There are 2 protein chains.
Amino acid sequence: MNRLAEVPPTASDVRGNAKGAPAHQQVYHHLRNLILFGELAPGQPVTIQGLVAQLGAGMTPVREAIRRLTAEGALEFQGNRRVSVPVMTPAHIEELIFARQAIEPQLTIRATQRATQKDLEALAEIDKKLDIAIAKGDVGEYLKENYAFHSKLYSISDSPILSELADGIWLRYGPSLRIVCGRMGTQNLPDQHKETLDAMRAGDCDRAARAIREDVLQGMEQMRYALEHAD
Amino acid sequence: MNRLAEVPPTASDVRGNAKGAPAHQQVYHHLRNLILFGELAPGQPVTIQGLVAQLGAGMTPVREAIRRLTAEGALEFQGNRRVSVPVMTPAHIEELIFARQAIEPQLTIRATQRATQKDLEALAEIDKKLDIAIAKGDVGEYLKENYAFHSKLYSISDSPILSELADGIWLRYGPSLRIVCGRMGTQNLPDQHKETLDAMRAGDCDRAARAIREDVLQGMEQMRYALEHAD
DNA sequence: CAATGAATAATTTGATCATATTCTGAGCAA
DNA sequence: TTGCTCAGAATATGATCAAATTATTCATTG
C-alpha cells in the first residue's frame with residue numbers, strides 16, 4: 001500500500017505531470033518543484049531512503065530522479081556517495097549571472113518573433129498574478145509566478161535546447177532565491193516584465209531582449225548582494 | 001559472474017573513472033564516450049537490455065546512466081518509453097551555434113586569466129597531437145584530441161557551471177560531428193588553436209576569446225553546411 | 001579522577017540484483 | 001479498417017550486500 005498513485009492529491013500534488021506518468025517522472029517533478037521553489041534548503045542532504053519513505057515510491061524511481069536532477073545541477077554529489085542541495089557561492093553566482101544574461105535575451109528575441117496574440121495574453125495574465133503576489137507579500141506565490149513568466153517565455157520561443165539550458169540554470173539558484181526573498185520580502189523585486197511585454201507587443205525584439213536582460217541582471221545582482229551580506 | 005568489475009579491461013575500458021567507482025558511473029562514462037566520439041549513430045535506438053548485455057552490468061546502473069544522459073540531452077525520449085540518439089536538425093544547430101559562441105569565449109577569457117605555464121604547455125601538447133591526427137587523416141583521433149583541447153580549456157577556466165554547460169552542448173553534437181567528419185575527412189577543419197594559444201600566452205583575453213569564437217563558428221557552420229547537403 | 005582519543009560496534013544509507021508487473025507495438029483475425 | 005493477442009521491452013519492488021557515518025567503549029594521560 002501507500003503507492004505514489006494512491007497518495008491523496010493534496011499531499012503530493014505535483015504540477016506538470018499526468019496522473020498515469022511513470023513513477024520516476026512523478027518523483028522527478030515532485031523533487032524538482034521542491035528544489036525550484038525553495039522547499040529544500042541549500043546544503044540539505046537528500047537521501048534516497050528518505051524520499052522513498054516520504055513519497056511512498058520505490059527505490060529505483062527515486063534513484064533515477066536523483067540522477068537526473070544531479071545531471072541538471074539541481075543536486076550535487078558530495079564525493080562520498082551522498083547527494084545534497086548545492087550551496088551558492090559568489091563564484092557560482094558570477095557564472096550564473098553570465099549564463100542567464102547570455103541566454104535569456106536570445107530566448108526573448110525568438111519569443112518576440114514567434115509570439116501570437118494568445119501567447120501575449122497568457123504572459124499578461126501571469127504578470128497580473130505576479131503583481132498580486134508582490135502586493136500580498138506572498139513569497140511562495142511570487143516565486144511560482146515569476147518562474148511561470150520566464151518559463152512561458154521559453155516555451156513561446158520554440159527553442160528546446162536553449163530553453164532547457166535556461167531551465168537548468170534556473171534550477172540551480174532556486175533554493176538560494178527562496179532564502180533571499182524570504183529575508184527581503186517581496187518589495188524591491190525586479191520587474192521589467194511590463195516593459196518586456198510592451199516591446200513584444202510592438203514586435204521590437206531588441207527592446208524586449210534589453211528589458212529581460214535588465215530584469216535578469218537586477219534579480220541576480222540583488223541575490224548576489226543578499227548572499228554576500230548573509231553570514 | 002560477468003560483473004562489470006570482472007570484465008577484462010580491453011572489453012570495457014572506460015576512460016575517466018577510477019576502477020573502484022560505482023557501476024552506474026562506469027556505465028555512464030562508457031556510454032558518454034560512445035556518444036561523444038560518434039560510436040553511436042544519430043537516430044540509433046538505445047535499449048536498456050542491450051546495454052546490460054553489452055556491458056555486463058545490471059539493469060539499475062544502466063537505467064541510471066541513461067537517465068543522466070537523457071537529462072544532459074545526449075539521449076532523448078521517444079515519447080513511448082524508448083530512448084535513442086538524437087538526430088540533428090537545422091533548428092537544433094542554430095541553437096547550438098548560439099549557445100557555444102556565447103559560452104566558450106567567456107570560458108576562454110577566464111582560462112586566459114588563470115592559465116599557468118604548465119597549463120599552456122599541456123594545451124600545446126594536445127594541439128600537437130591534433131595536428132598529427134589531421135595529417136594522418138585519423139578522424140577518431142581528431143575528435144578525441146579536439147575535444148581534449150576544448151575540455152582542457154574548460155578545466156583551466158575553473159568555472160564549473162559554465163564548463164558543465166559547454167560540455168553538455170558538446171555532447172549534443174558529438175554523433176553528428178562524427179558523421180560530418182567521416183564524410184569530409186580531416187582536411188579543411190577549423191583550427192584557431194594556435195592563435196588562441198598565442199593570445200593566451202600573451203595574456204590577451206579578448207584576442208583569445210575572438211580566436212575561440214572563430215574556431216567554434218567555423219566548425220559549426222561547416223557542420224551545418226554538411227548536414228544541409230546530406231540527405 | 002576526569003578528559004582525551006583511538007579502536008570498534010551499531011546504525012544508517014547507498015548500490016546492486018533478481019524478479020514480478022505493466023506497457024507497447026506488431027501480427028493476425030474478424 | 002478495427003480490435004485482440006502476445007512477445008518483448010521497460011518499469012518497479014524489495015531483498016541483499018557494501019560502504020560510510022555515528023555512537024560507544026575503553027585504555028591512556030595530564
# chains A, B, ... in the order shown; residues from 1 in each chain; ligands from 1
>>> calpha_fit_rmsd(fixed="chain B", moving="chain A")
0.3 Å
>>> interface_residues(of="chain A", to="chain B", cutoff="10 Å", atoms="only C-alpha atoms", output="mmCIF file with C-alpha atoms, in the first residue's frame")
data_model
loop_
_atom_site.group_PDB
_atom_site.id
_atom_site.type_symbol
_atom_site.label_atom_id
_atom_site.label_comp_id
_atom_site.auth_asym_id
_atom_site.auth_seq_id
_atom_site.Cartn_x
_atom_site.Cartn_y
_atom_site.Cartn_z
ATOM 1 C CA PRO A 22 5.756 6.601 -14.735
ATOM 2 C CA HIS A 24 10.266 8.045 -11.844
ATOM 3 C CA THR A 60 14.579 2.677 -8.431
ATOM 4 C CA PRO A 61 12.360 5.606 -9.446
ATOM 5 C CA ARG A 63 17.245 6.850 -7.663
ATOM 6 C CA GLU A 64 16.617 7.759 -11.276
ATOM 7 C CA ALA A 65 15.038 11.064 -10.353
ATOM 8 C CA ILE A 66 18.053 11.939 -8.241
ATOM 9 C CA ARG A 67 20.436 11.086 -11.075
ATOM 10 C CA ARG A 68 18.505 13.260 -13.413
ATOM 11 C CA LEU A 69 18.458 16.219 -11.069
ATOM 12 C CA THR A 70 22.136 15.716 -10.383
ATOM 13 C CA ALA A 71 22.883 15.828 -14.092
ATOM 14 C CA GLU A 72 20.938 19.075 -14.286
ATOM 15 C CA GLY A 73 22.931 20.618 -11.476
ATOM 16 C CA ARG A 81 28.067 8.860 -2.278
ATOM 17 C CA ALA A 91 31.825 32.322 -7.803
ATOM 18 C CA HIS A 92 28.768 30.326 -8.733
ATOM 19 C CA ILE A 93 26.589 33.404 -8.853
ATOM 20 C CA GLU A 94 29.119 35.040 -11.122
ATOM 21 C CA GLU A 95 28.806 32.194 -13.582
ATOM 22 C CA LEU A 96 25.041 32.046 -13.368
ATOM 23 C CA PHE A 98 26.809 35.451 -17.138
ATOM 24 C CA ALA A 99 24.910 32.418 -18.367
ATOM 25 C CA ALA A 102 23.744 35.453 -22.357
ATOM 26 C CA ILE A 103 20.872 33.081 -22.946
ATOM 27 C CA GLN A 106 18.213 35.457 -27.056
ATOM 28 C CA LEU A 107 15.197 33.425 -25.953
ATOM 29 C CA ASP A 158 10.215 27.391 -29.518
ATOM 30 C CA SER A 159 13.901 26.766 -28.851
ATOM 31 C CA PRO A 160 14.082 23.470 -26.988
ATOM 32 C CA ILE A 161 17.808 23.390 -26.349
ATOM 33 C CA LEU A 162 18.227 26.957 -25.144
ATOM 34 C CA SER A 163 15.082 26.596 -23.079
ATOM 35 C CA GLU A 164 16.467 23.526 -21.421
ATOM 36 C CA LEU A 165 19.677 25.357 -20.639
ATOM 37 C CA GLY A 168 18.647 24.146 -15.823
ATOM 38 C CA ILE A 169 20.219 27.406 -14.727
ATOM 39 C CA ARG A 172 20.481 25.993 -9.738
#
>>> atom_distance(atom1="CA of Pro175 in chain A", atom2="CA of Pro42 in chain A")
5.9 Å
>>> select_by_dssp(residues="range 17-153 of chain B", states="strand (DSSP E or B)", output="ChimeraX atom specification")
/B:45-46,76-78,80-84
>>> closest_residue(among="C:DT13, C:DT19, C:DA2, C:DA7", to="DA15 in chain D", atoms="only C-alpha atoms (C1' of nucleotides)")
C:DT19
>>> closest_atom_pairs(of="chain C", to="chain A", cutoff="10 Å", atoms="only C-alpha atoms (C1' of nucleotides)", output="tab-separated table")
residue	atom	partner	partner_atom	distance
C:DT12	C1'	A:Gln49	CA	9.8
C:DT13	C1'	A:Gln49	CA	7.3
C:DG14	C1'	A:Arg81	CA	6.8
C:DA15	C1'	A:Arg81	CA	9.7
>>> select_by_dssp(residues="range 29-164 of chain A", states="helix (DSSP H, G or I)", output="ChimeraX atom specification")
/A:29-36,48-55,59-71,90-114,117-136,139-157,160-164
>>> interface_residues(of="chain D", to="chain A", cutoff="12 Å", atoms="only C-alpha atoms (C1' of nucleotides)", output="list in words")
DA10, DT11, DA12, DT13, DG14, DA15, DA19, DA20 and DT21 of chain D
>>> write_last_selection(atoms="C-alpha atoms (C1' of nucleotides)", output="PDB file, in the first residue's frame")
ATOM      1  C1'  DA D  10      10.525  -1.055 -19.870  1.00  0.00           C
ATOM      2  C1'  DT D  11       9.178  -0.170 -15.185  1.00  0.00           C
ATOM      3  C1'  DA D  12       9.008  -1.072 -10.333  1.00  0.00           C
ATOM      4  C1'  DT D  13       9.821  -3.628  -5.995  1.00  0.00           C
ATOM      5  C1'  DG D  14      12.060  -5.379  -2.061  1.00  0.00           C
ATOM      6  C1'  DA D  15      15.820  -8.206  -0.609  1.00  0.00           C
ATOM      7  C1'  DA D  19      30.160   1.423   2.442  1.00  0.00           C
ATOM      8  C1'  DA D  20      30.174   5.282   5.475  1.00  0.00           C
ATOM      9  C1'  DT D  21      28.816   7.739   9.351  1.00  0.00           C
TER      10       DT D  21
END
>>> atom_distance(atom1="CA of Ile97 in chain B", atom2="CA of Gly174 in chain A")
27.5 Å
